[in-house]
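Chemist: Okay, here's the structure, questions in a sec.
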Amino acid sequence: MPLAPSDVTETTGDSAASPSPGTKGVRPGRGRWDRSLLWFALLLLGLPPLLHLVKADLLGLLVIWGAAATLIRSSASAFDRVMISGVTLIGWTCALGVVASRWPWGLNPLALAETTAVVVVAVRAVRGPAPARKALPLGARLRALVPTRDIPLLLCSGFAFAFSLYPVLQRSAVERLALIFRAEDLGRHIALYDSILRFGGLASLHQDKAVETVQQGLATYPQGSHLMAAVLTTFLYGKPERLPGPDQVSLFVVLYTVMFAAMIVAILWAVRRAAGPALRGWRTAALMLPVTAFLLVAEMPKMYMNGFISEIFALGLLAVLVAVAIRPLGRIHEQVVVLGALTVGISFGHYLLLPAAGITVLGWAAVHLRLWKRHWVSVLAASAVTGAFALLPIFLNRNTEAGSADALTLQGGIGPVGRHVLFPLVAATVVVLLTPAARANRARRVALVSGGAIVALCYGLMRYQVWKTNGTSYFYEKLLHQLLVIGLVTMAAALLPLLGRRFLAGAGDASRPARRAGLRTGIAVLATTGVLTFAVISDSQPDVSSAAGWDGSPGRQMIRGAQARWDVAERVDTIYRSQPAGHPKIAVSLAGHRAWGDPAADWGSVEDNLWLGVLNKDQGKSWKPWAWTLTARPAQEILNVADTWPDPLRFYLDDDKQIAELKALAAKGKHPNLDVWQLKRDAHGTLVAEPLRLG
């Protein structure tokens with residue numbers, strides 16, 4: 001059934017728009033090397049080398065991003081172009097990372113920039129310049145680039161970045177380590193990130209070298225987020241191996257936080273796009289502000305504090321994919337390329353999201369079959385390339401525990417996702433999308449397929465886990481994160497049949513004076529926005545929280561650094577700085593409470609050795625001593641390990657009784673490999689590490 005003109009922003013097809021009446025220019029032939037193409041090529045190919053010489057590679061990356069945005073011919077605002085080109089470049093970078101892992105330049109920013117620039121120029125050459133259009137006044141052009149409905153989105157996006165980065169940018173390197181100390185997984189993610197920087201490519205394609213840099217079994221973990229962080233690092237610093245461990249960890253925390261904020265922005269953009277043009281003007285604020293509050297205050301900060309970088313990276317891409325599938329771009333080739341790039345990025349980021357993404361893409365293909373089958377050769381070719389790259393992370397991880405069905409019932413450190421808002425939201429959305437009016441529209445049919453698929457996946461995994469273990473666990477909560485993102489996007493697609501065009505777009509009484517109508521509209525928008533935002537924040541605490549509203553929300557914990565371990569980070573930093581550069585010994589901390597599950601306030605010290613391995617960049621070797629220290633060890637066992645461990649060790653203790661026992665035992669024999677340091681406070685209250693004399 002054809003879409004109503006007021007319910008779409010673009011048509012789908014490859015026919016170029018004809019020039020507007022009154023224009024003097026005509027569109028050159030496809031691929032013609034005209035003057036504009038020459039300048040385009042000179043800028044993109046000549047600027048990266050110049051910027052590389054002055055160590056401003058990041059500026060070159062931004063130029064390429066902007067140039068890619070200009071290639072989008074579908075009707076779109078400036079923010080749409082930035083978002084669509086950005087996610088496409090992410091998918092391209094993941095694929096390019098495979099090639100970079102084998103070519104001699106690694107992740108050299110100039111090599112990456114020039115390769116990407118060549119592709120952008122080639123696309124520009126094949127497509128030719130944009131058709132000439134009637135010149136518009138400056139004000140009209142600005143309104144076309146930044147329509148009123150985008151302003152609430154831009155404001156909320158800026159707030160998301162400010163809210164997320166505030167607790168990080170004001171901290172020192174040690175304090176940033178303290179902020180993420182409880183996120184145990186991030187220690188292993190940072191080791192993967194460091195390995196990619198060292199090898200100049202994916203650790204999964206350098207598994208022989210990764211034996212010394214990452215924990216056993218993690219070299220084949222999906223590495224899209226780590227690759228993007230490494231690429232950004234090279235564009236910032238050129239040769240990041242010069243960064244010492246604490247500075248590199250500090251930079252990673254900033255990049256991780258930027259990824260988190262970018263995920264929030266991607267979801268907001270997806271929600272606004274799925275709502276469609278029926279939600280006009282400032283009415284968008286009534287949707288953007290409550291969704292922003294929900295994402296930043298309620299559920300997503302828990303993911304950030306748990307260190308789920310791969311999932312955060314992939315969820316942002318999934319939100320964009322669902323939105324673009326619901327309301328596709330106006331040109332079929334652009335649509336296919338964007339969906340392919342998003343699928344590759346999702347697979348490299350966290351391929352647990354591939355089933356939902358794949359079903360959504362198939363839903364788009366089925367609903368819009370007539371539109372793409374005329375280009376079936378190019379569509380199938382793009383699908384083959386996309387499939388090859390998307391299956392690569394799964395293929396590389398096939399022989400690990402994560403590649404088996406038993407992984408679906410594994411336990412893990414994850415808090416329960418709040419159900420009291422999520423489940424009613426999803427249920428109401430599905431019911432609305434099942435109505436005849438909704439099913440008569442192609443956009444909402446795709447939304448129904450996507451929403452129904454994730455609901456079915458969640459239910460199926462829940463039944464499987466209950467059958468196997470009599471309860472739900474880690475990966476079910478992970479699927480609920482996908483349900484949350486897809487539920488928000490499809491909810492936006494269901495707004496029109498739920499509320500009606502008059503409510504969303506302001507279509508109504510034409511006899512009412514414009515000023516009075518605008519005042520009434522503004523009051524209604526403000527009232528609706530305020531009520532919804534207040535309702536979200538007041539109900540933002542997790543299901544298990546004892547405090548109500550903002551006081552019990554994860555967002556408050558994140559912005560105040562409530563999860564930080566300042567004392568433990570200080571101890572790890574003290575141990576790290578007590579080792580001279582190039583020190584061959586592995587640092588082993590036996591300070592603090594080490595018994596697994598110890599309820600003492602200092603329980604976080606069990607992870608001393610994990611983070612020491614991160615700072616020393618030797619996790620491939622240090623993870624075994626870390627595993628050994630998960631439980632308390634007597635003095636005699638310390639002596640035995642010091643004598644027999646294949647790698648030289650240096651122990652750090654802070655318990656006077658344990659130190660006295662170790663001295664007494666060491667005095668009875670010779671232990672040439674025993675190297676013990678004591679952690680204590682000096683006269684000024686500063687934590688210091690001093691060598692112990694044993695013997």
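As shown in the structure tokens, the chain order sets the letters A, B, ...; within each chain, residues go from 1, and ligands are also counted from 1 in the order they appear.
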Range 303-319 of chain A: which residues within 8 Å, counting only C-alpha atoms, same-chain residues fewer than 2 positions away excluded, as a PyMOL selection string?

Modeler: chain A and resi 87+180+182-186+189+222-226+256-257+259-260+262-264+266-267+270+299-301+321-323+342+345-347+349-350+353+357+413-414+482+485-486+489+558+563

Chemist: Store the residues picked out above in a file with N, CA and C atoms, as a short mmCIF file (atom, residue, chain, number, x, y, z; two decimals), in the first residue's frame.

Modeler:
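Resulting contents of result_38.cif:
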```cif
data_model
loop_
_atom_site.label_atom_id
_atom_site.label_comp_id
_atom_site.auth_asym_id
_atom_site.auth_seq_id
_atom_site.Cartn_x
_atom_site.Cartn_y
_atom_site.Cartn_z
N VAL A 87 28.12 6.27 10.82
CA VAL A 87 27.97 4.82 11.05
C VAL A 87 28.50 4.03 9.85
N ILE A 180 36.63 3.34 36.98
CA ILE A 180 36.29 2.12 36.24
C ILE A 180 36.80 0.86 36.95
N ARG A 182 35.81 -1.03 39.35
CA ARG A 182 34.86 -2.12 39.58
C ARG A 182 34.45 -2.81 38.27
N ALA A 183 34.65 -2.14 37.15
CA ALA A 183 34.29 -2.73 35.85
C ALA A 183 35.41 -3.69 35.44
N GLU A 184 35.38 -4.87 36.03
CA GLU A 184 36.46 -5.85 35.82
C GLU A 184 36.68 -6.14 34.34
N ASP A 185 35.61 -6.22 33.56
CA ASP A 185 35.74 -6.55 32.14
C ASP A 185 36.58 -5.52 31.39
N LEU A 186 36.51 -4.26 31.83
CA LEU A 186 37.25 -3.23 31.11
C LEU A 186 38.75 -3.48 31.15
N HIS A 189 39.33 -5.56 28.25
CA HIS A 189 39.10 -4.79 27.03
C HIS A 189 40.27 -3.84 26.75
N PRO A 222 35.23 -10.45 19.80
CA PRO A 222 34.88 -9.40 18.83
C PRO A 222 35.52 -8.06 19.22
N GLN A 223 36.18 -7.41 18.26
CA GLN A 223 37.06 -6.29 18.59
C GLN A 223 36.73 -5.00 17.86
N GLY A 224 35.48 -4.82 17.44
CA GLY A 224 35.12 -3.60 16.74
C GLY A 224 35.29 -2.36 17.59
N SER A 225 34.82 -2.40 18.84
CA SER A 225 34.95 -1.23 19.71
C SER A 225 36.40 -0.94 20.04
N HIS A 226 37.19 -1.98 20.26
CA HIS A 226 38.61 -1.80 20.58
C HIS A 226 39.37 -1.24 19.37
N TYR A 256 36.11 5.54 25.90
CA TYR A 256 34.99 4.68 26.31
C TYR A 256 33.76 5.52 26.66
N THR A 257 33.98 6.62 27.37
CA THR A 257 32.88 7.49 27.74
C THR A 257 32.28 8.17 26.51
N MET A 259 32.19 6.85 23.55
CA MET A 259 31.38 5.81 22.91
C MET A 259 30.02 5.68 23.60
N PHE A 260 30.02 5.76 24.91
CA PHE A 260 28.76 5.67 25.65
C PHE A 260 27.83 6.83 25.27
N ALA A 262 27.97 8.61 22.56
CA ALA A 262 27.59 8.44 21.15
C ALA A 262 26.47 7.42 21.00
N MET A 263 26.47 6.37 21.83
CA MET A 263 25.37 5.41 21.79
C MET A 263 24.05 6.08 22.16
N ILE A 264 24.08 6.93 23.19
CA ILE A 264 22.86 7.64 23.59
C ILE A 264 22.36 8.51 22.43
N ALA A 266 22.97 8.12 19.24
CA ALA A 266 22.48 7.26 18.15
C ALA A 266 21.06 6.78 18.43
N ILE A 267 20.78 6.42 19.66
CA ILE A 267 19.42 5.97 20.01
C ILE A 267 18.43 7.12 19.88
N ALA A 270 17.76 7.67 16.28
CA ALA A 270 16.93 6.59 15.75
C ALA A 270 15.47 6.77 16.17
N GLU A 299 18.63 3.19 32.80
CA GLU A 299 19.20 1.87 32.51
C GLU A 299 20.63 1.89 31.99
N MET A 300 20.94 2.78 31.06
CA MET A 300 22.22 2.71 30.37
C MET A 300 23.44 2.96 31.27
N PRO A 301 23.37 3.83 32.29
CA PRO A 301 24.55 3.99 33.16
C PRO A 301 25.02 2.70 33.81
N LEU A 321 20.44 1.06 12.70
CA LEU A 321 20.00 0.08 11.69
C LEU A 321 18.48 -0.08 11.71
N VAL A 322 17.90 -0.21 12.89
CA VAL A 322 16.45 -0.38 12.99
C VAL A 322 15.73 0.85 12.44
N ALA A 323 16.24 2.04 12.77
CA ALA A 323 15.60 3.27 12.30
C ALA A 323 15.68 3.40 10.79
N LEU A 342 26.38 -1.11 8.68
CA LEU A 342 25.89 -1.28 10.05
C LEU A 342 25.95 -2.74 10.48
N GLY A 345 29.55 -3.54 11.28
CA GLY A 345 29.94 -2.93 12.54
C GLY A 345 29.35 -3.65 13.74
N ILE A 346 28.10 -4.06 13.64
CA ILE A 346 27.45 -4.79 14.74
C ILE A 346 28.15 -6.12 14.98
N SER A 347 28.48 -6.84 13.91
CA SER A 347 29.14 -8.12 14.06
C SER A 347 30.51 -7.97 14.71
N GLY A 349 31.42 -5.57 16.58
CA GLY A 349 31.27 -5.04 17.93
C GLY A 349 30.82 -6.09 18.92
N HIS A 350 29.72 -6.78 18.62
CA HIS A 350 29.17 -7.77 19.56
C HIS A 350 28.16 -8.61 18.79
N LEU A 353 24.19 -9.45 18.79
CA LEU A 353 23.13 -8.59 18.27
C LEU A 353 22.79 -8.91 16.81
N ALA A 357 19.49 -7.85 14.30
CA ALA A 357 19.83 -6.99 13.16
C ALA A 357 19.48 -7.68 11.84
N GLY A 413 28.84 -11.14 35.71
CA GLY A 413 28.57 -9.98 36.53
C GLY A 413 27.71 -8.97 35.80
N ILE A 414 26.43 -9.01 36.05
CA ILE A 414 25.50 -8.09 35.40
C ILE A 414 24.30 -7.89 36.31
N GLN A 482 18.93 -5.22 24.26
CA GLN A 482 18.48 -5.06 22.87
C GLN A 482 16.99 -4.77 22.81
N VAL A 485 16.46 -1.06 23.50
CA VAL A 485 16.78 -0.16 22.39
C VAL A 485 15.76 -0.29 21.27
N ILE A 486 15.49 -1.51 20.84
CA ILE A 486 14.53 -1.71 19.76
C ILE A 486 13.13 -1.28 20.20
N VAL A 489 12.82 2.50 19.78
CA VAL A 489 12.74 2.91 18.37
C VAL A 489 11.39 2.55 17.78
N MET A 558 26.52 7.28 38.52
CA MET A 558 27.56 7.47 37.51
C MET A 558 28.15 8.86 37.59
N GLN A 563 30.67 4.51 42.11
CA GLN A 563 31.27 3.19 41.95
C GLN A 563 32.79 3.23 42.03
#
```

Chemist: One number please: CA of Ser589 in chain A to CA of Ser195 in chain A, in Å, one decimal.

Modeler: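 CA of Ser589 in chain A sits 23.5 Å away from CA of Ser195 in chain A.
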
Chemist: Restricting the calculation to only C-alpha atoms: of A:Gly620, A:Phe475, A:Val588, A:Leu434, which residue gets closest to Leu218 in chain A?

Modeler: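 Comparing A:Gly620, A:Phe475, A:Val588, A:Leu434 against Leu218 in chain A, the winner is A:Gly620.
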
Chemist: Pick the closest to Leu408 in chain A from A:Leu391, A:Leu422, A:Leu155, A:Leu461: which is it, counting only C-alpha atoms?

Modeler: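 Under the stated criterion, the closest residue is A:Leu461.
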
Chemist: May I have the residues within 10 Å of Pro49 in chain A as a ChimeraX atom specification, using only C-alpha atoms and disregarding those fewer than 5 positions away in the same chain?

Modeler: /A:44,54-57,60,109-111,113-114

Chemist: So that I have them on file, write out the residues from the current selection with C-alpha atoms, as a compact mmCIF listing (two decimals), in the first residue's frame.

Modeler:
```txt
# COMPACT_ATOMS: atom_id res chain seq x y z
CA LEU A 44 40.72 14.66 0.25
CA VAL A 54 51.86 18.82 11.56
CA LYS A 55 50.44 16.00 13.73
CA ALA A 56 46.83 17.02 13.11
CA ASP A 57 45.55 13.70 11.73
CA GLY A 60 41.92 15.07 8.45
CA PRO A 109 46.71 7.23 10.43
CA LEU A 110 47.99 8.44 7.07
CA ALA A 111 47.51 5.00 5.49
CA ALA A 113 43.05 8.23 5.89
CA GLU A 114 44.38 7.94 2.35
```

Chemist: Taking 4 positions as the minimum chain separation for residues in the same chain, which residues sit within 9 Å of Leu665 in chain A when counting only C-alpha atoms? Answer as a VMD selection string.

Modeler: chain A and resid 635 to 636 639 660 to 661 669 695

Chemist: Where does range 294-367 of chain A meet range 72-80 of chain A within 9 Å, residue by residue, with the nearest atom pair and distance in Å to one decimal for each, counting only C-alpha atoms, listed by chain and rising number, as JSON lines?

Modeler:
```
{"residue": "A:Leu329", "atom": "CA", "partner": "A:Ser74", "partner_atom": "CA", "distance": 5.8}
{"residue": "A:Gly330", "atom": "CA", "partner": "A:Ser74", "partner_atom": "CA", "distance": 4.7}
{"residue": "A:Arg331", "atom": "CA", "partner": "A:Ser74", "partner_atom": "CA", "distance": 6.0}
{"residue": "A:Glu334", "atom": "CA", "partner": "A:Ile72", "partner_atom": "CA", "distance": 7.4}
```

Chemist: Would you save the residues from that selection as a compact mmCIF listing (two decimals), in the first residue's frame, using C-alpha atoms?

Modeler:
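Full text of part.txt as output:
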```
# COMPACT_ATOMS: atom_id res chain seq x y z
CA LEU A 329 16.91 6.38 2.69
CA GLY A 330 15.57 7.73 -0.57
CA ARG A 331 18.03 5.86 -2.81
CA GLU A 334 22.60 4.26 -0.32
```
